[in-house]
Amino acid sequence: MKTRIGKIARLPHNIREELNHRLSQGALGKDLIAWLNALPEVQKVMAELFGGTKITHQNISVWRHGGYSDWAETRTDRAQWQDLFDHLEELNQKRTVTGGVDVTSHLAALVVFELGQALDKLARMEDSDERWRIFRQISRSLSRLRMDDCREKRVRLWDLKAARAFEKVL
């Protein structure tokens, strides 16, 4: 994500957040312009940094395709993470009630999800050297995940053998 330096990017965070929410609700550009230009905080930033010029339709359009687009993508990613966390919480509740599912093994799903996100972004990269560097990092992460899976299976087998040996002693 690049650093933005336009009029809207220079506004306070809370105003940008409200603007993004209004954009996501389908607010019209003319209404957004009127709302923004009426805010004292916006007037102050415009006076200090932009010679008192007002927010225009062009500023809203640039923000919609840049800052807002980034914000919306981040919210989509967060929603996917939230769905995953909700699923893990559901598994945790089942484990608590039934003594069944081990949630820690499902936390690997978070890593898999993140690797999938990284692979999606990797496919869109144009710099082949950077893409190769990041691909190697992803491959190492995936390898570590698989090794952890194997290690967890060995520990479970050892626990099972120990429990059986203990039952025989009793």
# chains A, B, ... in the order shown; residues from 1 in each chain; ligands from 1
>>> residues_around(residues="Leu122 (chain A)", least_positions_apart="3", cutoff="12 Å", atoms="only C-alpha atoms", output="PyMOL selection string")
chain A and resi 115-119+125-138
>>> write_last_selection(atoms="C-alpha atoms", output="PDB file, in the first residue's frame")
ATOM      1  CA  LEU A 115      -0.375 -18.012   2.960  1.00  0.00           C
ATOM      2  CA  GLY A 116      -3.286 -18.144   0.532  1.00  0.00           C
ATOM      3  CA  GLN A 117      -3.689 -14.372   0.757  1.00  0.00           C
ATOM      4  CA  ALA A 118       0.035 -13.926   0.140  1.00  0.00           C
ATOM      5  CA  LEU A 119      -0.097 -16.231  -2.889  1.00  0.00           C
ATOM      6  CA  MET A 125       3.221  -8.829  -8.690  1.00  0.00           C
ATOM      7  CA  GLU A 126       5.152  -7.694 -11.753  1.00  0.00           C
ATOM      8  CA  ASP A 127       8.701  -7.545 -10.347  1.00  0.00           C
ATOM      9  CA  SER A 128       9.997 -11.091 -10.919  1.00  0.00           C
ATOM     10  CA  ASP A 129      12.929 -10.746  -8.491  1.00  0.00           C
ATOM     11  CA  GLU A 130      10.637  -9.559  -5.687  1.00  0.00           C
ATOM     12  CA  ARG A 131       8.042 -12.218  -6.558  1.00  0.00           C
ATOM     13  CA  TRP A 132      10.728 -14.934  -6.360  1.00  0.00           C
ATOM     14  CA  ARG A 133      12.009 -13.586  -2.995  1.00  0.00           C
ATOM     15  CA  ILE A 134       8.518 -13.601  -1.515  1.00  0.00           C
ATOM     16  CA  PHE A 135       7.746 -17.027  -3.006  1.00  0.00           C
ATOM     17  CA  ARG A 136      10.795 -18.463  -1.219  1.00  0.00           C
ATOM     18  CA  GLN A 137       9.576 -16.947   2.071  1.00  0.00           C
ATOM     19  CA  ILE A 138       6.124 -18.450   1.571  1.00  0.00           C
TER      20      ILE A 138
END
>>> select_by_dssp(residues="region 26-84 of chain A", states="helix (DSSP H, G or I)", output="mmCIF file with N, CA and C atoms, in the first residue's frame")
data_model
loop_
_atom_site.group_PDB
_atom_site.id
_atom_site.type_symbol
_atom_site.label_atom_id
_atom_site.label_comp_id
_atom_site.auth_asym_id
_atom_site.auth_seq_id
_atom_site.Cartn_x
_atom_site.Cartn_y
_atom_site.Cartn_z
ATOM 1 N N GLY A 29 -21.400 11.733 -4.414
ATOM 2 C CA GLY A 29 -20.240 12.607 -4.340
ATOM 3 C C GLY A 29 -20.587 14.020 -3.921
ATOM 4 N N LYS A 30 -21.659 14.589 -4.486
ATOM 5 C CA LYS A 30 -22.030 15.976 -4.160
ATOM 6 C C LYS A 30 -22.387 16.120 -2.679
ATOM 7 N N ASP A 31 -23.024 15.109 -2.112
ATOM 8 C CA ASP A 31 -23.364 15.151 -0.686
ATOM 9 C C ASP A 31 -22.106 15.041 0.173
ATOM 10 N N LEU A 32 -21.179 14.198 -0.257
ATOM 11 C CA LEU A 32 -19.922 14.042 0.476
ATOM 12 C C LEU A 32 -19.103 15.327 0.435
ATOM 13 N N ILE A 33 -19.075 15.974 -0.717
ATOM 14 C CA ILE A 33 -18.326 17.225 -0.862
ATOM 15 C C ILE A 33 -18.901 18.290 0.072
ATOM 16 N N ALA A 34 -20.214 18.412 0.074
ATOM 17 C CA ALA A 34 -20.862 19.407 0.939
ATOM 18 C C ALA A 34 -20.582 19.104 2.409
ATOM 19 N N TRP A 35 -20.696 17.843 2.796
ATOM 20 C CA TRP A 35 -20.455 17.445 4.189
ATOM 21 C C TRP A 35 -19.018 17.746 4.597
ATOM 22 N N LEU A 36 -18.061 17.311 3.770
ATOM 23 C CA LEU A 36 -16.650 17.507 4.104
ATOM 24 C C LEU A 36 -16.287 18.984 4.189
ATOM 25 N N ASN A 37 -16.686 19.759 3.195
ATOM 26 C CA ASN A 37 -16.301 21.164 3.167
ATOM 27 C C ASN A 37 -16.933 21.971 4.292
ATOM 28 N N ALA A 38 -17.991 21.444 4.909
ATOM 29 C CA ALA A 38 -18.636 22.143 6.032
ATOM 30 C C ALA A 38 -17.958 21.840 7.368
ATOM 31 N N PRO A 40 -15.311 21.913 10.284
ATOM 32 C CA PRO A 40 -14.218 22.808 10.685
ATOM 33 C C PRO A 40 -12.840 22.150 10.580
ATOM 34 N N GLU A 41 -12.739 20.862 10.900
ATOM 35 C CA GLU A 41 -11.450 20.169 10.820
ATOM 36 C C GLU A 41 -10.941 20.136 9.379
ATOM 37 N N VAL A 42 -11.846 19.921 8.432
ATOM 38 C CA VAL A 42 -11.482 19.894 7.018
ATOM 39 C C VAL A 42 -11.047 21.285 6.574
ATOM 40 N N GLN A 43 -11.805 22.300 6.983
ATOM 41 C CA GLN A 43 -11.462 23.674 6.626
ATOM 42 C C GLN A 43 -10.080 24.049 7.145
ATOM 43 N N LYS A 44 -9.759 23.583 8.337
ATOM 44 C CA LYS A 44 -8.449 23.880 8.922
ATOM 45 C C LYS A 44 -7.327 23.235 8.104
ATOM 46 N N VAL A 45 -7.478 21.948 7.756
ATOM 47 C CA VAL A 45 -6.461 21.249 6.966
ATOM 48 C C VAL A 45 -6.323 21.902 5.595
ATOM 49 N N MET A 46 -7.444 22.236 4.986
ATOM 50 C CA MET A 46 -7.398 22.861 3.663
ATOM 51 C C MET A 46 -6.684 24.217 3.729
ATOM 52 N N ALA A 47 -6.916 24.968 4.785
ATOM 53 C CA ALA A 47 -6.266 26.273 4.933
ATOM 54 C C ALA A 47 -4.768 26.118 5.171
ATOM 55 N N GLU A 48 -4.398 25.169 6.031
ATOM 56 C CA GLU A 48 -2.988 24.993 6.385
ATOM 57 C C GLU A 48 -2.161 24.373 5.264
ATOM 58 N N LEU A 49 -2.726 23.418 4.542
ATOM 59 C CA LEU A 49 -1.935 22.648 3.578
ATOM 60 C C LEU A 49 -2.240 22.930 2.107
ATOM 61 N N PHE A 50 -3.423 23.465 1.835
ATOM 62 C CA PHE A 50 -3.834 23.592 0.439
ATOM 63 C C PHE A 50 -4.347 24.987 0.091
ATOM 64 N N HIS A 57 -15.024 17.241 -6.502
ATOM 65 C CA HIS A 57 -15.460 15.937 -6.992
ATOM 66 C C HIS A 57 -14.248 15.100 -7.405
ATOM 67 N N GLN A 58 -13.244 15.738 -8.003
ATOM 68 C CA GLN A 58 -12.028 15.028 -8.414
ATOM 69 C C GLN A 58 -11.325 14.411 -7.205
ATOM 70 N N ASN A 59 -11.271 15.163 -6.083
ATOM 71 C CA ASN A 59 -10.636 14.631 -4.871
ATOM 72 C C ASN A 59 -11.365 13.383 -4.380
ATOM 73 N N ILE A 60 -12.697 13.417 -4.422
ATOM 74 C CA ILE A 60 -13.499 12.257 -4.006
ATOM 75 C C ILE A 60 -13.235 11.085 -4.955
ATOM 76 N N SER A 61 -13.180 11.362 -6.244
ATOM 77 C CA SER A 61 -12.948 10.306 -7.235
ATOM 78 C C SER A 61 -11.586 9.649 -7.039
ATOM 79 N N VAL A 62 -10.553 10.465 -6.841
ATOM 80 C CA VAL A 62 -9.207 9.922 -6.614
ATOM 81 C C VAL A 62 -9.190 9.072 -5.351
ATOM 82 N N TRP A 63 -9.832 9.556 -4.288
ATOM 83 C CA TRP A 63 -9.872 8.804 -3.030
ATOM 84 C C TRP A 63 -10.634 7.492 -3.208
ATOM 85 N N ARG A 64 -11.733 7.547 -3.946
ATOM 86 C CA ARG A 64 -12.555 6.346 -4.144
ATOM 87 C C ARG A 64 -11.748 5.227 -4.818
ATOM 88 N N HIS A 65 -10.872 5.600 -5.742
ATOM 89 C CA HIS A 65 -10.073 4.605 -6.466
ATOM 90 C C HIS A 65 -8.747 4.290 -5.779
ATOM 91 N N GLY A 67 -7.463 5.419 -1.745
ATOM 92 C CA GLY A 67 -7.581 5.193 -0.301
ATOM 93 C C GLY A 67 -8.796 4.380 0.090
ATOM 94 N N TYR A 68 -9.943 4.697 -0.509
ATOM 95 C CA TYR A 68 -11.156 3.940 -0.186
ATOM 96 C C TYR A 68 -11.035 2.494 -0.654
ATOM 97 N N SER A 69 -10.486 2.307 -1.846
ATOM 98 C CA SER A 69 -10.306 0.955 -2.373
ATOM 99 C C SER A 69 -9.428 0.114 -1.444
ATOM 100 N N ASP A 70 -8.332 0.707 -0.967
ATOM 101 C CA ASP A 70 -7.459 0.011 -0.006
ATOM 102 C C ASP A 70 -8.222 -0.321 1.270
ATOM 103 N N TRP A 71 -8.992 0.640 1.755
ATOM 104 C CA TRP A 71 -9.774 0.467 2.983
ATOM 105 C C TRP A 71 -10.781 -0.672 2.818
ATOM 106 N N ALA A 72 -11.478 -0.679 1.677
ATOM 107 C CA ALA A 72 -12.492 -1.715 1.428
ATOM 108 C C ALA A 72 -11.840 -3.095 1.335
ATOM 109 N N GLU A 73 -10.674 -3.168 0.698
ATOM 110 C CA GLU A 73 -9.969 -4.452 0.591
ATOM 111 C C GLU A 73 -9.550 -4.947 1.973
ATOM 112 N N THR A 74 -9.066 -4.036 2.804
ATOM 113 C CA THR A 74 -8.668 -4.398 4.163
ATOM 114 C C THR A 74 -9.866 -4.899 4.955
ATOM 115 N N ARG A 75 -10.999 -4.248 4.780
ATOM 116 C CA ARG A 75 -12.212 -4.686 5.486
ATOM 117 C C ARG A 75 -12.639 -6.064 5.015
ATOM 118 N N THR A 76 -12.492 -6.364 3.733
ATOM 119 C CA THR A 76 -12.825 -7.689 3.210
ATOM 120 C C THR A 76 -11.913 -8.734 3.838
ATOM 121 N N ASP A 77 -10.614 -8.422 3.902
ATOM 122 C CA ASP A 77 -9.663 -9.338 4.536
ATOM 123 C C ASP A 77 -10.036 -9.558 5.997
ATOM 124 N N ARG A 78 -10.375 -8.477 6.690
ATOM 125 C CA ARG A 78 -10.759 -8.589 8.099
ATOM 126 C C ARG A 78 -12.000 -9.450 8.266
ATOM 127 N N ALA A 79 -12.959 -9.302 7.360
ATOM 128 C CA ALA A 79 -14.183 -10.109 7.439
ATOM 129 C C ALA A 79 -13.852 -11.587 7.283
ATOM 130 N N GLN A 80 -12.929 -11.900 6.367
ATOM 131 C CA GLN A 80 -12.530 -13.296 6.200
ATOM 132 C C GLN A 80 -11.843 -13.812 7.458
ATOM 133 N N TRP A 81 -10.973 -12.994 8.044
ATOM 134 C CA TRP A 81 -10.319 -13.387 9.301
ATOM 135 C C TRP A 81 -11.360 -13.594 10.395
ATOM 136 N N GLN A 82 -12.334 -12.674 10.461
ATOM 137 C CA GLN A 82 -13.357 -12.781 11.496
ATOM 138 C C GLN A 82 -14.146 -14.067 11.343
ATOM 139 N N ASP A 83 -14.487 -14.428 10.107
ATOM 140 C CA ASP A 83 -15.188 -15.697 9.866
ATOM 141 C C ASP A 83 -14.359 -16.871 10.382
ATOM 142 N N LEU A 84 -13.059 -16.822 10.125
ATOM 143 C CA LEU A 84 -12.185 -17.897 10.580
ATOM 144 C C LEU A 84 -12.128 -17.943 12.108
#
>>> atom_distance(atom1="CA of Arg164 (chain A)", atom2="CA of Leu145 (chain A)")
28.8 Å
>>> closest_residue(among="A:Glu17, A:Ala165, A:Gly66, A:Cys150", to="Thr3 (chain A)", atoms="only C-alpha atoms")
A:Gly66
>>> decode(residues="region 6-158 of chain A", atoms="C-alpha atoms", output="short mmCIF file (atom, residue, chain, number, x, y, z; two decimals), in the first residue's frame")
data_model
loop_
_atom_site.label_atom_id
_atom_site.label_comp_id
_atom_site.auth_asym_id
_atom_site.auth_seq_id
_atom_site.Cartn_x
_atom_site.Cartn_y
_atom_site.Cartn_z
CA GLY A 6 -3.80 14.14 -1.45
CA LYS A 7 -6.35 16.36 0.23
CA ILE A 8 -8.44 13.57 1.66
CA ALA A 9 -5.41 11.56 2.76
CA ARG A 10 -4.34 14.54 4.87
CA LEU A 11 -7.64 14.69 6.74
CA PRO A 12 -7.89 13.31 10.29
CA HIS A 13 -8.34 9.55 10.53
CA ASN A 14 -11.85 9.73 12.00
CA ILE A 15 -13.07 11.85 9.07
CA ARG A 16 -11.50 9.50 6.51
CA GLU A 17 -13.13 6.54 8.28
CA GLU A 18 -16.53 8.24 8.20
CA LEU A 19 -16.03 9.12 4.53
CA ASN A 20 -15.16 5.50 3.76
CA HIS A 21 -18.27 4.27 5.58
CA ARG A 22 -20.41 6.75 3.67
CA LEU A 23 -18.84 5.66 0.38
CA SER A 24 -19.51 2.02 1.26
CA GLN A 25 -23.16 2.95 1.83
CA GLY A 26 -23.35 4.51 -1.64
CA ALA A 27 -23.40 8.19 -0.67
CA LEU A 28 -23.37 10.61 -3.59
CA GLY A 29 -20.24 12.61 -4.34
CA LYS A 30 -22.03 15.98 -4.16
CA ASP A 31 -23.36 15.15 -0.69
CA LEU A 32 -19.92 14.04 0.48
CA ILE A 33 -18.33 17.22 -0.86
CA ALA A 34 -20.86 19.41 0.94
CA TRP A 35 -20.45 17.45 4.19
CA LEU A 36 -16.65 17.51 4.10
CA ASN A 37 -16.30 21.16 3.17
CA ALA A 38 -18.64 22.14 6.03
CA LEU A 39 -16.48 20.44 8.70
CA PRO A 40 -14.22 22.81 10.69
CA GLU A 41 -11.45 20.17 10.82
CA VAL A 42 -11.48 19.89 7.02
CA GLN A 43 -11.46 23.67 6.63
CA LYS A 44 -8.45 23.88 8.92
CA VAL A 45 -6.46 21.25 6.97
CA MET A 46 -7.40 22.86 3.66
CA ALA A 47 -6.27 26.27 4.93
CA GLU A 48 -2.99 24.99 6.39
CA LEU A 49 -1.93 22.65 3.58
CA PHE A 50 -3.83 23.59 0.44
CA GLY A 51 -4.25 27.38 0.50
CA GLY A 52 -7.88 27.19 1.58
CA THR A 53 -9.10 25.35 -1.53
CA LYS A 54 -12.10 23.11 -1.07
CA ILE A 55 -12.60 19.39 -1.53
CA THR A 56 -13.77 18.73 -5.09
CA HIS A 57 -15.46 15.94 -6.99
CA GLN A 58 -12.03 15.03 -8.41
CA ASN A 59 -10.64 14.63 -4.87
CA ILE A 60 -13.50 12.26 -4.01
CA SER A 61 -12.95 10.31 -7.23
CA VAL A 62 -9.21 9.92 -6.61
CA TRP A 63 -9.87 8.80 -3.03
CA ARG A 64 -12.56 6.35 -4.14
CA HIS A 65 -10.07 4.61 -6.47
CA GLY A 66 -7.15 4.78 -4.04
CA GLY A 67 -7.58 5.19 -0.30
CA TYR A 68 -11.16 3.94 -0.19
CA SER A 69 -10.31 0.95 -2.37
CA ASP A 70 -7.46 0.01 -0.01
CA TRP A 71 -9.77 0.47 2.98
CA ALA A 72 -12.49 -1.72 1.43
CA GLU A 73 -9.97 -4.45 0.59
CA THR A 74 -8.67 -4.40 4.16
CA ARG A 75 -12.21 -4.69 5.49
CA THR A 76 -12.82 -7.69 3.21
CA ASP A 77 -9.66 -9.34 4.54
CA ARG A 78 -10.76 -8.59 8.10
CA ALA A 79 -14.18 -10.11 7.44
CA GLN A 80 -12.53 -13.30 6.20
CA TRP A 81 -10.32 -13.39 9.30
CA GLN A 82 -13.36 -12.78 11.50
CA ASP A 83 -15.19 -15.70 9.87
CA LEU A 84 -12.19 -17.90 10.58
CA PHE A 85 -11.97 -16.73 14.20
CA ASP A 86 -15.71 -17.33 14.63
CA HIS A 87 -15.24 -20.86 13.31
CA LEU A 88 -12.35 -21.46 15.72
CA GLU A 89 -14.44 -20.15 18.61
CA GLU A 90 -17.22 -22.54 17.63
CA LEU A 91 -14.72 -25.42 17.61
CA ASN A 92 -13.42 -24.32 20.99
CA GLN A 93 -16.94 -24.38 22.44
CA LYS A 94 -17.50 -27.89 21.06
CA ARG A 95 -14.22 -29.01 22.62
CA THR A 96 -15.21 -27.54 25.96
CA VAL A 97 -18.60 -29.28 25.89
CA THR A 98 -17.63 -32.62 24.35
CA GLY A 99 -13.92 -32.88 25.09
CA GLY A 100 -13.43 -33.41 21.34
CA VAL A 101 -11.73 -31.08 18.89
CA ASP A 102 -8.31 -29.65 19.76
CA VAL A 103 -8.50 -26.00 18.69
CA THR A 104 -4.76 -25.50 18.68
CA SER A 105 -4.48 -27.79 15.67
CA HIS A 106 -7.03 -25.59 13.90
CA LEU A 107 -4.95 -22.48 14.47
CA ALA A 108 -2.84 -23.71 11.59
CA ALA A 109 -5.82 -22.71 9.46
CA LEU A 110 -4.91 -19.10 10.20
CA VAL A 111 -1.47 -19.65 8.74
CA VAL A 112 -2.88 -21.43 5.70
CA PHE A 113 -5.33 -18.60 5.14
CA GLU A 114 -2.55 -16.01 5.36
CA LEU A 115 -0.37 -18.01 2.96
CA GLY A 116 -3.29 -18.14 0.53
CA GLN A 117 -3.69 -14.37 0.76
CA ALA A 118 0.04 -13.93 0.14
CA LEU A 119 -0.10 -16.23 -2.89
CA ASP A 120 -2.99 -14.21 -4.34
CA LYS A 121 -0.97 -11.00 -3.98
CA LEU A 122 2.12 -12.74 -5.32
CA ALA A 123 0.33 -13.66 -8.54
CA ARG A 124 -0.39 -9.97 -9.18
CA MET A 125 3.22 -8.83 -8.69
CA GLU A 126 5.15 -7.69 -11.75
CA ASP A 127 8.70 -7.54 -10.35
CA SER A 128 10.00 -11.09 -10.92
CA ASP A 129 12.93 -10.75 -8.49
CA GLU A 130 10.64 -9.56 -5.69
CA ARG A 131 8.04 -12.22 -6.56
CA TRP A 132 10.73 -14.93 -6.36
CA ARG A 133 12.01 -13.59 -3.00
CA ILE A 134 8.52 -13.60 -1.51
CA PHE A 135 7.75 -17.03 -3.01
CA ARG A 136 10.80 -18.46 -1.22
CA GLN A 137 9.58 -16.95 2.07
CA ILE A 138 6.12 -18.45 1.57
CA SER A 139 7.65 -21.83 0.74
CA ARG A 140 9.74 -21.77 3.94
CA SER A 141 6.65 -20.87 5.96
CA LEU A 142 4.67 -23.70 4.41
CA SER A 143 7.52 -26.13 5.09
CA ARG A 144 7.62 -25.08 8.75
CA LEU A 145 3.87 -25.54 9.00
CA ARG A 146 4.12 -29.06 7.62
CA MET A 147 6.98 -29.89 10.03
CA ASP A 148 4.86 -28.61 12.92
CA ASP A 149 1.98 -30.83 11.74
CA CYS A 150 4.28 -33.86 11.79
CA ARG A 151 5.67 -32.91 15.21
CA GLU A 152 2.14 -32.58 16.59
CA LYS A 153 1.20 -36.03 15.28
CA ARG A 154 4.29 -37.56 16.93
CA VAL A 155 3.41 -35.94 20.26
CA ARG A 156 -0.16 -37.25 20.04
CA LEU A 157 1.14 -40.76 19.34
CA TRP A 158 3.53 -40.54 22.30
#
